[in-house]
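Have a look at run_16.csv below; it lists CSV, C-alpha atoms.
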chain,number,residue,atom,x,y,z
A,8,MET,CA,148.7,133.2,142.4
A,9,SER,CA,152.2,132.6,143.8
A,10,LEU,CA,155.4,133.4,142.0
A,11,LEU,CA,156.0,129.6,141.6
A,12,GLN,CA,152.6,129.1,140.0
A,13,ALA,CA,153.2,132.0,137.6
A,14,LEU,CA,156.6,130.5,136.6
A,15,VAL,CA,155.0,127.1,136.0
A,16,LYS,CA,152.3,128.6,133.7
A,17,ASP,CA,154.9,130.6,131.8
A,18,ALA,CA,157.0,127.5,131.3
A,19,ARG,CA,153.9,125.5,130.0
A,20,PHE,CA,153.0,128.4,127.8
A,21,ALA,CA,156.5,128.6,126.3
A,22,SER,CA,156.6,124.8,125.8
A,23,GLY,CA,153.3,124.9,123.9
A,24,LEU,CA,154.6,127.7,121.7
A,25,LEU,CA,157.7,125.7,120.8
A,26,ARG,CA,155.5,122.7,120.0
A,27,LYS,CA,153.2,124.9,117.9
A,28,LYS,CA,150.1,124.2,119.9
A,29,PRO,CA,147.1,126.6,120.1
A,30,PHE,CA,147.9,129.3,122.5
A,31,SER,CA,145.5,132.3,122.3
A,32,CYS,CA,141.8,132.5,123.1
A,33,LEU,CA,139.7,135.7,123.2
A,34,ILE,CA,136.5,135.4,125.3
A,35,GLN,CA,133.8,138.1,125.4
A,36,VAL,CA,132.2,137.2,128.7
A,37,THR,CA,129.4,139.7,127.9
A,38,ASN,CA,128.4,142.2,125.3
A,39,ARG,CA,126.6,144.4,127.9
A,40,CYS,CA,128.4,147.7,128.7
A,41,ASN,CA,127.7,151.0,130.4
A,42,LEU,CA,129.6,152.8,127.6
A,43,THR,CA,128.9,153.5,124.0
A,44,CYS,CA,132.4,153.7,122.4
A,45,SER,CA,132.1,154.8,118.8
A,46,PHE,CA,134.6,152.3,117.4
A,47,CYS,CA,132.7,149.3,119.0
A,48,GLU,CA,129.2,147.9,118.5
A,49,PHE,CA,129.3,145.1,121.0
A,50,TRP,CA,127.3,147.2,123.4
A,51,SER,CA,124.5,147.5,120.9
A,52,ASN,CA,124.2,143.7,120.6
A,53,PRO,CA,123.7,142.5,124.2
A,54,ALA,CA,122.3,139.2,125.2
A,55,LYS,CA,120.1,138.7,128.2
A,56,PRO,CA,122.1,137.5,131.2
A,57,ARG,CA,120.4,134.1,131.2
A,58,GLU,CA,121.6,133.6,127.6
A,59,GLU,CA,125.2,134.3,128.3
A,60,LEU,CA,127.8,131.6,129.1
A,61,THR,CA,127.5,130.3,132.7
A,62,LEU,CA,130.2,129.6,135.2
A,63,ALA,CA,129.8,125.9,134.5
A,64,ASP,CA,130.3,126.7,130.8
A,65,PHE,CA,133.6,128.5,131.6
A,66,GLU,CA,134.7,125.6,133.8
A,67,ARG,CA,134.3,123.3,130.8
A,68,ILE,CA,136.0,125.7,128.5
A,69,GLY,CA,139.0,126.0,130.8
A,70,ASP,CA,139.3,122.2,131.0
A,71,GLU,CA,138.9,121.7,127.2
A,72,LEU,CA,141.4,124.5,126.4
A,73,ALA,CA,143.9,122.8,128.8
A,74,GLU,CA,143.6,119.6,126.7
A,75,LEU,CA,144.8,121.6,123.7
A,76,GLY,CA,147.5,123.5,125.5
A,77,THR,CA,148.2,126.4,127.9
A,78,PHE,CA,146.5,129.5,126.7
A,79,LEU,CA,146.7,133.2,127.0
A,80,ILE,CA,143.0,134.0,127.6
A,81,SER,CA,141.9,137.5,127.0
A,82,ILE,CA,138.8,138.2,129.1
A,83,GLU,CA,136.8,141.0,127.3
A,84,GLY,CA,133.4,142.5,126.7
A,85,GLY,CA,131.4,144.6,126.5
A,86,GLU,CA,132.5,145.5,130.0
A,87,PRO,CA,133.4,142.3,131.9
A,88,PHE,CA,132.6,143.9,135.3
A,89,VAL,CA,128.9,144.0,134.5
A,90,ARG,CA,128.9,140.3,135.2
A,91,SER,CA,128.4,139.6,138.9
A,92,ASP,CA,130.4,136.4,138.7
A,93,LEU,CA,133.4,137.9,137.0
A,94,ILE,CA,135.8,137.0,139.9
A,95,GLU,CA,134.7,133.3,139.7
A,96,ILE,CA,135.1,133.3,135.9
A,97,VAL,CA,138.6,134.6,136.3
A,98,ARG,CA,139.4,132.0,139.0
A,99,THR,CA,138.1,129.2,136.8
A,100,LEU,CA,140.0,130.3,133.7
A,101,SER,CA,143.2,131.1,135.7
A,102,ARG,CA,143.6,127.6,137.2
A,103,ARG,CA,145.6,126.4,134.2
A,104,HIS,CA,145.9,129.4,131.9
A,105,ILE,CA,147.4,132.9,131.7
A,106,THR,CA,144.5,135.4,132.0
A,107,ALA,CA,144.4,139.0,130.9
A,108,LEU,CA,141.4,141.3,131.7
A,109,PHE,CA,140.4,144.3,129.6
A,110,THR,CA,138.2,146.9,131.2
A,111,SER,CA,137.2,150.6,130.9
A,112,GLY,CA,138.0,150.8,134.7
A,113,TRP,CA,134.5,152.2,135.5
A,114,PHE,CA,133.6,149.5,138.1
A,115,VAL,CA,137.1,148.9,139.6
A,116,THR,CA,137.3,149.2,143.3
A,117,GLU,CA,140.0,148.2,145.8
A,118,ALA,CA,138.0,145.2,146.9
A,119,ASN,CA,137.3,143.7,143.5
A,120,ALA,CA,140.8,144.5,142.3
A,121,ARG,CA,142.3,142.5,145.2
A,122,ALA,CA,139.7,139.7,144.5
A,123,LEU,CA,140.8,139.5,140.9
A,124,TRP,CA,144.5,139.0,141.8
A,125,ASP,CA,143.5,136.6,144.5
A,126,ALA,CA,141.6,134.7,141.8
A,127,GLY,CA,144.7,134.3,139.8
A,128,LEU,CA,144.5,137.1,137.2
A,129,THR,CA,147.9,137.6,135.4
A,130,HIS,CA,147.4,140.9,133.6
A,131,ALA,CA,144.9,143.8,133.8
A,132,SER,CA,144.6,146.5,131.1
A,133,VAL,CA,142.5,149.7,131.4
A,134,SER,CA,141.4,151.5,128.2
A,135,ILE,CA,142.6,155.1,127.9
A,136,ASP,CA,142.7,156.6,124.4
A,137,PHE,CA,143.5,160.3,125.0
A,138,PRO,CA,145.7,162.2,127.5
A,139,ASP,CA,142.8,164.6,128.4
A,140,ARG,CA,139.5,164.1,130.1
A,141,GLU,CA,137.3,165.8,127.5
A,142,ARG,CA,138.3,163.8,124.4
A,143,HIS,CA,138.4,160.4,126.2
A,144,ASP,CA,135.0,160.9,127.8
A,145,ARG,CA,133.5,162.0,124.5
A,146,LYS,CA,134.9,159.0,122.7
A,147,ARG,CA,133.6,156.6,125.3
A,148,GLY,CA,130.2,158.3,125.6
A,149,GLN,CA,130.2,158.9,129.3
A,150,GLU,CA,131.4,161.7,131.5
A,151,GLY,CA,133.9,160.7,134.2
A,152,VAL,CA,135.4,157.7,132.4
A,153,PHE,CA,138.8,159.3,132.2
A,154,GLU,CA,139.1,159.9,136.0
A,155,ARG,CA,137.7,156.4,136.8
A,156,ALA,CA,140.1,154.8,134.3
A,157,TRP,CA,143.2,156.3,135.9
A,158,ARG,CA,141.9,155.5,139.4
A,159,ALA,CA,141.4,151.9,138.2
A,160,VAL,CA,145.1,151.8,137.0
A,161,ASP,CA,146.2,153.0,140.4
A,162,LEU,CA,144.0,150.5,142.3
A,163,LEU,CA,145.0,147.6,140.2
A,164,ARG,CA,148.7,148.5,140.4
A,165,ASP,CA,148.6,148.9,144.2
A,166,THR,CA,146.8,145.6,144.8
A,167,ALA,CA,148.7,143.4,142.2
A,168,PRO,CA,151.2,140.9,143.7
A,169,ARG,CA,153.9,142.2,141.3
A,170,GLY,CA,152.7,145.8,141.0
A,171,GLY,CA,152.9,147.6,137.8
A,172,LYS,CA,154.4,144.6,136.0
A,173,GLN,CA,150.9,143.2,135.9
A,174,VAL,CA,149.0,146.4,134.9
A,175,ASN,CA,148.8,148.2,131.5
A,176,VAL,CA,147.1,151.1,129.9
A,177,MET,CA,145.5,150.0,126.6
A,178,THR,CA,145.1,152.6,123.8
A,179,VAL,CA,143.2,152.1,120.5
A,180,LEU,CA,145.4,153.9,117.8
A,181,MET,CA,143.2,156.1,115.5
A,182,GLN,CA,143.6,159.1,113.2
A,183,SER,CA,142.3,161.3,116.1
A,184,ASN,CA,144.9,160.2,118.7
A,185,TRP,CA,148.0,158.8,117.2
A,186,ARG,CA,150.0,161.9,117.9
A,187,ASP,CA,148.9,161.8,121.5
A,188,LEU,CA,150.5,158.4,122.2
A,189,GLU,CA,153.7,159.8,123.5
A,190,ASP,CA,151.8,161.9,126.1
A,191,LEU,CA,149.9,158.8,127.1
A,192,LEU,CA,153.2,156.9,127.4
A,193,ARG,CA,154.6,159.5,129.7
A,194,MET,CA,151.5,159.3,131.9
A,195,SER,CA,151.7,155.5,132.2
A,196,ALA,CA,155.4,155.6,132.8
A,197,ALA,CA,154.8,158.1,135.6
A,198,ARG,CA,152.5,155.6,137.2
A,199,SER,CA,155.1,152.7,136.8
A,200,VAL,CA,152.7,150.6,134.7
A,201,GLY,CA,153.0,149.1,131.2
A,202,HIS,CA,151.3,150.3,128.0
A,203,GLN,CA,149.7,148.3,125.2
A,204,VAL,CA,148.2,149.5,122.0
A,205,THR,CA,146.0,148.1,119.2
A,206,LEU,CA,145.4,149.5,115.7
A,207,LEU,CA,141.8,150.5,115.1
A,208,SER,CA,139.8,148.0,113.2
A,209,THR,CA,136.8,149.1,111.1
A,210,ASP,CA,136.2,146.1,108.9
A,211,GLY,CA,135.3,143.3,111.3
A,212,THR,CA,132.0,142.2,112.7
A,213,ARG,CA,130.7,144.5,115.5
A,214,ARG,CA,133.3,147.2,114.7
A,215,GLY,CA,131.7,150.6,114.9
A,216,ASN,CA,132.5,153.7,112.8
A,217,GLN,CA,129.9,156.1,114.1
A,218,ASN,CA,132.0,159.2,114.3
A,219,GLY,CA,134.2,158.7,111.2
A,220,ASP,CA,136.9,156.8,113.1
A,221,ALA,CA,139.8,155.9,110.9
A,222,PRO,CA,143.3,154.3,111.4
A,223,PRO,CA,146.4,156.4,111.7
A,224,PRO,CA,147.8,157.7,108.4
A,225,VAL,CA,150.4,155.9,106.2
A,226,GLY,CA,153.8,156.9,107.5
A,227,ALA,CA,152.9,156.6,111.2
A,228,ALA,CA,154.8,153.3,111.5
A,229,ALA,CA,158.1,155.1,111.9
A,230,HIS,CA,156.7,157.3,114.7
A,231,PHE,CA,155.4,154.2,116.6
A,232,SER,CA,158.6,152.3,116.1
A,233,ALA,CA,160.6,155.3,117.5
A,234,LEU,CA,158.3,155.4,120.5
A,235,TRP,CA,158.8,151.7,121.0
A,236,GLU,CA,162.6,152.3,121.2
A,237,ARG,CA,162.2,155.2,123.7
A,238,TYR,CA,159.7,153.7,126.0
A,239,PRO,CA,160.6,150.2,127.3
A,240,HIS,CA,157.3,149.9,129.1
A,241,LEU,CA,155.5,149.7,125.7
A,242,ARG,CA,154.8,146.1,126.1
A,243,PHE,CA,154.5,144.5,122.7
A,244,PHE,CA,156.6,143.2,119.8
A,245,ARG,CA,158.6,145.6,117.8
A,246,GLU,CA,157.7,144.0,114.5
A,247,TYR,CA,154.0,144.7,115.2
A,248,PHE,CA,154.6,148.4,114.8
A,249,ASP,CA,157.0,148.0,111.8
A,250,ARG,CA,154.1,146.4,109.8
A,251,PHE,CA,151.6,149.2,110.3
A,252,ASP,CA,152.3,150.9,106.9
A,253,ALA,CA,152.2,147.7,105.0
A,254,PHE,CA,148.8,146.9,106.4
A,255,LEU,CA,147.5,150.5,105.8
A,256,THR,CA,148.7,150.5,102.2
A,257,GLY,CA,147.5,147.0,101.4
A,258,GLY,CA,151.1,145.9,101.0
A,259,PRO,CA,152.6,142.4,101.6
A,260,MET,CA,151.5,141.0,105.0
A,261,PRO,CA,152.1,137.6,106.7
A,262,THR,CA,149.5,134.9,106.1
A,263,CYS,CA,146.9,135.1,108.9
A,264,ARG,CA,147.1,132.2,111.3
A,265,ALA,CA,143.9,132.8,113.2
A,266,GLY,CA,141.9,129.6,113.7
A,267,ALA,CA,145.0,127.5,113.7
A,268,GLN,CA,146.6,128.5,117.0
A,269,SER,CA,144.0,131.0,118.2
A,270,LEU,CA,140.2,131.3,118.5
A,271,ASN,CA,137.4,133.6,119.7
A,272,ILE,CA,134.5,132.6,121.9
A,273,ASP,CA,131.7,135.1,122.2
A,274,HIS,CA,129.3,135.9,125.0
A,275,ILE,CA,126.8,133.2,124.0
A,276,GLY,CA,129.4,130.5,123.2
A,277,ASP,CA,129.8,130.9,119.4
A,278,VAL,CA,133.3,130.0,118.2
A,279,SER,CA,135.1,131.8,115.4
A,280,ALA,CA,138.6,132.1,114.2
A,281,CYS,CA,139.0,135.6,115.5
A,282,ILE,CA,137.1,138.6,116.8
A,283,GLU,CA,136.9,140.0,113.3
A,284,ARG,CA,135.0,136.9,112.1
A,285,ILE,CA,132.4,136.6,114.9
A,286,GLY,CA,129.8,136.7,112.2
A,287,LYS,CA,131.1,133.4,110.8
A,288,PRO,CA,131.0,131.0,113.7
A,289,VAL,CA,131.8,127.3,113.2
A,290,GLY,CA,129.6,126.1,116.1
A,291,ASN,CA,128.9,126.7,119.8
A,292,VAL,CA,130.8,125.4,122.9
A,293,ARG,CA,127.5,124.2,124.3
A,294,ASP,CA,126.9,121.8,121.4
A,295,ALA,CA,130.4,120.6,120.5
A,296,ALA,CA,133.8,120.1,122.1
A,297,LEU,CA,136.5,122.7,121.5
A,298,SER,CA,138.7,120.1,119.9
A,299,GLU,CA,136.0,119.5,117.3
A,300,LEU,CA,135.4,123.2,116.8
A,301,MET,CA,139.1,123.8,116.3
A,302,ALA,CA,139.0,121.1,113.6
A,303,ARG,CA,136.2,122.9,111.9
A,304,LEU,CA,138.3,126.1,112.0
A,305,ALA,CA,141.1,124.2,110.4
A,306,SER,CA,138.8,123.4,107.5
A,307,GLN,CA,138.5,127.2,106.8
A,308,SER,CA,142.2,127.7,106.8
A,309,GLY,CA,142.4,128.7,103.1
A,310,GLU,CA,139.8,131.4,103.5
A,311,ILE,CA,141.3,132.7,106.8
A,312,ALA,CA,144.8,132.7,105.5
A,313,ALA,CA,143.8,135.1,102.7
A,314,CYS,CA,142.1,137.5,105.1
A,315,GLN,CA,143.8,140.8,105.7
A,316,ALA,CA,140.9,142.6,107.4
A,317,CYS,CA,142.8,143.8,110.5
A,318,TRP,CA,146.2,144.4,112.1
A,319,THR,CA,144.9,144.5,115.7
A,320,ALA,CA,147.0,143.6,118.7
A,321,CYS,CA,145.3,140.1,118.9
A,322,ARG,CA,146.4,139.4,115.4
A,323,GLY,CA,149.9,140.8,116.1
A,324,LEU,CA,150.2,138.4,119.1
A,325,GLN,CA,149.0,135.5,117.0
A,326,GLN,CA,151.3,136.5,114.2
A,327,GLY,CA,154.3,137.0,116.4
A,328,LEU,CA,154.1,133.7,118.3
A,329,ALA,CA,152.4,131.3,115.8
A,330,ASP,CA,154.5,128.4,114.4
A,331,GLY,CA,156.9,128.7,117.3
A,332,GLY,CA,157.5,132.4,117.0
A,333,SER,CA,160.6,134.3,115.7
A,334,LEU,CA,163.8,135.0,117.7
A,335,SER,CA,162.9,138.7,117.9
A,336,THR,CA,159.4,138.1,119.3
A,337,TRP,CA,160.9,135.7,121.9
A,338,VAL,CA,163.4,138.3,122.9
A,339,ASP,CA,160.7,141.1,123.1
A,340,MET,CA,158.4,138.8,125.0
A,341,ALA,CA,161.1,138.0,127.6
A,342,ARG,CA,162.2,141.7,128.0
A,343,ARG,CA,158.9,143.5,127.8
A,344,THR,CA,155.8,141.4,128.5
A,345,ARG,CA,156.7,139.0,131.4
A,346,THR,CA,155.2,139.7,134.8
A,347,VAL,CA,157.7,137.6,136.8
Spell out the structure here as structure tokens.
Amino acid sequence: MSLLQALVKDARFASGLLRKKPFSCLIQVTNRCNLTCSFCEFWSNPAKPREELTLADFERIGDELAELGTFLISIEGGEPFVRSDLIEIVRTLSRRHITALFTSGWFVTEANARALWDAGLTHASVSIDFPDRERHDRKRGQEGVFERAWRAVDLLRDTAPRGGKQVNVMTVLMQSNWRDLEDLLRMSAARSVGHQVTLLSTDGTRRGNQNGDAPPPVGAAAHFSALWERYPHLRFFREYFDRFDAFLTGGPMPTCRAGAQSLNIDHIGDVSACIERIGKPVGNVRDAALSELMARLASQSGEIAACQACWTACRGLQQGLADGGSLSTWVDMARRTRTV
């Protein structure tokens, strides 16, 4: 993807935000995975490859999303790389949208990293939760994940058209690692890549809790906000961190806007308001147009608005940019998250 193409997509995305169009779509291209992370149960609910969405399905999804607006599409799993057609999926969805891939890094090679960028990928994020091999591998259920993850970060950075601007480390913030975030930030800064985080979710569908995983303690918000100030490569909105304590204490939170300007599409095509509500789909992309499915989501707006089940990064993004976004989120987006 050329710099001009990236600028055009950014402009269309910004225009859609200002016009309050839908802008965010999470897609689990598969639930299959070679890891068994304790805070996720997607890997325990795989579909057979023939039951998963096909490339033709993704072509239609990309076209129908474009009729609604320009989207930030998060390509997730499971582990996306277990799909042999991942490069073509990325190419299809990147034609008119901004695409972000999330991976453990296990299957990343120099060849497929180059192919992803050539296919138009905008961002790539590699999951790393601890600054040491032993704990990260144990949490992910497989020896060698830590080394492969950092190798993937290096390969993706070195092959990306705009280098580290397009690559992030992604960390799930938990009770067991929240004090380790600064060490991880130093490690990602040393590699000249970005860093993203998401607060652990334990209440949504397919969220695991096998090893007693829990969110960080109340009071950690000040720690995270201070890290945001010190590390400009922490690529997210400041207000996301500031609201941690309110969420953890059940305090006042913004009305959830999932389903209005964002949606989730799972590995077999079921559409729900968000990843936390996968168990409450409104239909399937193989049976109905996305415009109709979005209308069905709108009919659930009252129930969704009252939901406070999570404060994950996908909700933080949706919250920060919905209804045109706030001045502070626009400033943070321009300074921290742009790749051009």
Residue neighbourhood Trp318 of chain A, 10 Å, all atoms listed in the file, exclusion window fewer than 6 positions, as a list of chain:residue names: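 Residues near the query, excluding close chain neighbours: A:Thr205, A:Leu206, A:Leu207, A:Ser208, A:Tyr247, A:Phe248, A:Arg250, A:Phe251, A:Ala253, A:Phe254, A:Leu255, A:Met260, A:Cys263, A:Gln326.
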Could you dump the residues just selected with C-alpha atoms as a short mmCIF file (atom, residue, chain, number, x, y, z; two decimals), in the coordinates of the input?
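Output file result.cif is given in full below:
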data_model
loop_
_atom_site.label_atom_id
_atom_site.label_comp_id
_atom_site.auth_asym_id
_atom_site.auth_seq_id
_atom_site.Cartn_x
_atom_site.Cartn_y
_atom_site.Cartn_z
CA THR A 205 146.00 148.10 119.20
CA LEU A 206 145.40 149.50 115.70
CA LEU A 207 141.80 150.50 115.10
CA SER A 208 139.80 148.00 113.20
CA TYR A 247 154.00 144.70 115.20
CA PHE A 248 154.60 148.40 114.80
CA ARG A 250 154.10 146.40 109.80
CA PHE A 251 151.60 149.20 110.30
CA ALA A 253 152.20 147.70 105.00
CA PHE A 254 148.80 146.90 106.40
CA LEU A 255 147.50 150.50 105.80
CA MET A 260 151.50 141.00 105.00
CA CYS A 263 146.90 135.10 108.90
CA GLN A 326 151.30 136.50 114.20
#
Atom-to-atom span, atom CA of Lys27 of chain A and atom CA of Leu75 of chain A, Å: 10.7 Å
For Arg19 of chain A, the nearest of the candidates A:Ala73, A:Ala296, A:Ala196, A:Val176, counting all atoms listed in the file: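 Under the stated criterion, the closest residue is A:Ala73.
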Pick from A:Gln203, A:Thr106, A:Ser195, A:Ser9 nearest to Leu180 of chain A, counting all atoms listed in the file: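 Under the stated criterion, the closest residue is A:Gln203.
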Expected residue set, 8 Å radius at (145.6, 154.2, 128.9), only C-alpha atoms, as a PyMOL selection string: chain A and resi 133-137+156-157+175-178+191+195+202
Residues of segment 87-202 of chain A that approach segment 51-57 of chain A to 12 Å or less, counting only C-alpha atoms: could you list each one with the shortest pair of atoms and its distance in Å to one decimal, rows by chain and increasing residue number, as a tab-separated table?
residue	atom	partner	partner_atom	distance
A:Val89	CA	A:Pro56	CA	10.0
A:Arg90	CA	A:Pro56	CA	8.4
A:Ser91	CA	A:Pro56	CA	10.2
A:Asp92	CA	A:Pro56	CA	11.2
Nearby residues, (153.8, 128.0, 130.0) file frame, 12 Å, all atoms listed in the file, as a list in words: Leu11, Gln12, Ala13, Leu14, Val15, Lys16, Asp17, Ala18, Arg19, Phe20, Ala21, Ser22, Gly23, Leu24, Leu25, Arg26, Lys28, Phe30, Ala73, Gly76, Thr77, Phe78, Leu79, Arg103, His104, Ile105 and Arg345 of chain A
Best match for closeness to Asp339 of chain A among A:Ala122, A:Leu234, A:Leu241, A:Ile34, counting only C-alpha atoms: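 Nearest candidate to Asp339 of chain A out of A:Ala122, A:Leu234, A:Leu241, A:Ile34: A:Leu241.
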Pick from A:Ala295, A:Ala221, A:Val152, A:Ala329 nearest to Arg264 of chain A, counting only C-alpha atoms: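 Result for the nearest residue to Arg264 of chain A: A:Ala329.
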Who sits within 7 Å of Asn38 of chain A, all atoms listed in the file, same chain under 2 positions skipped, as a ChimeraX atom specification: /A:35,40,49-50,52-54,84-85,274
Among listed residues A:Gln173, A:Ser279, A:Thr209, A:Ser132, nearest Gly112 of chain A (using all atoms listed in the file):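 Comparing A:Gln173, A:Ser279, A:Thr209, A:Ser132 against Gly112 of chain A, the winner is A:Ser132.
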Coordinates-based distance that separates atom CA of Ala320 of chain A from atom CA of Met301 of chain A (Å, one decimal):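 Rounded to one decimal, the two atoms are 21.5 Å apart.
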Point-to-point distance in Å for atom CA of Leu108 of chain A and atom CA of Arg293 of chain A: 23.2 Å
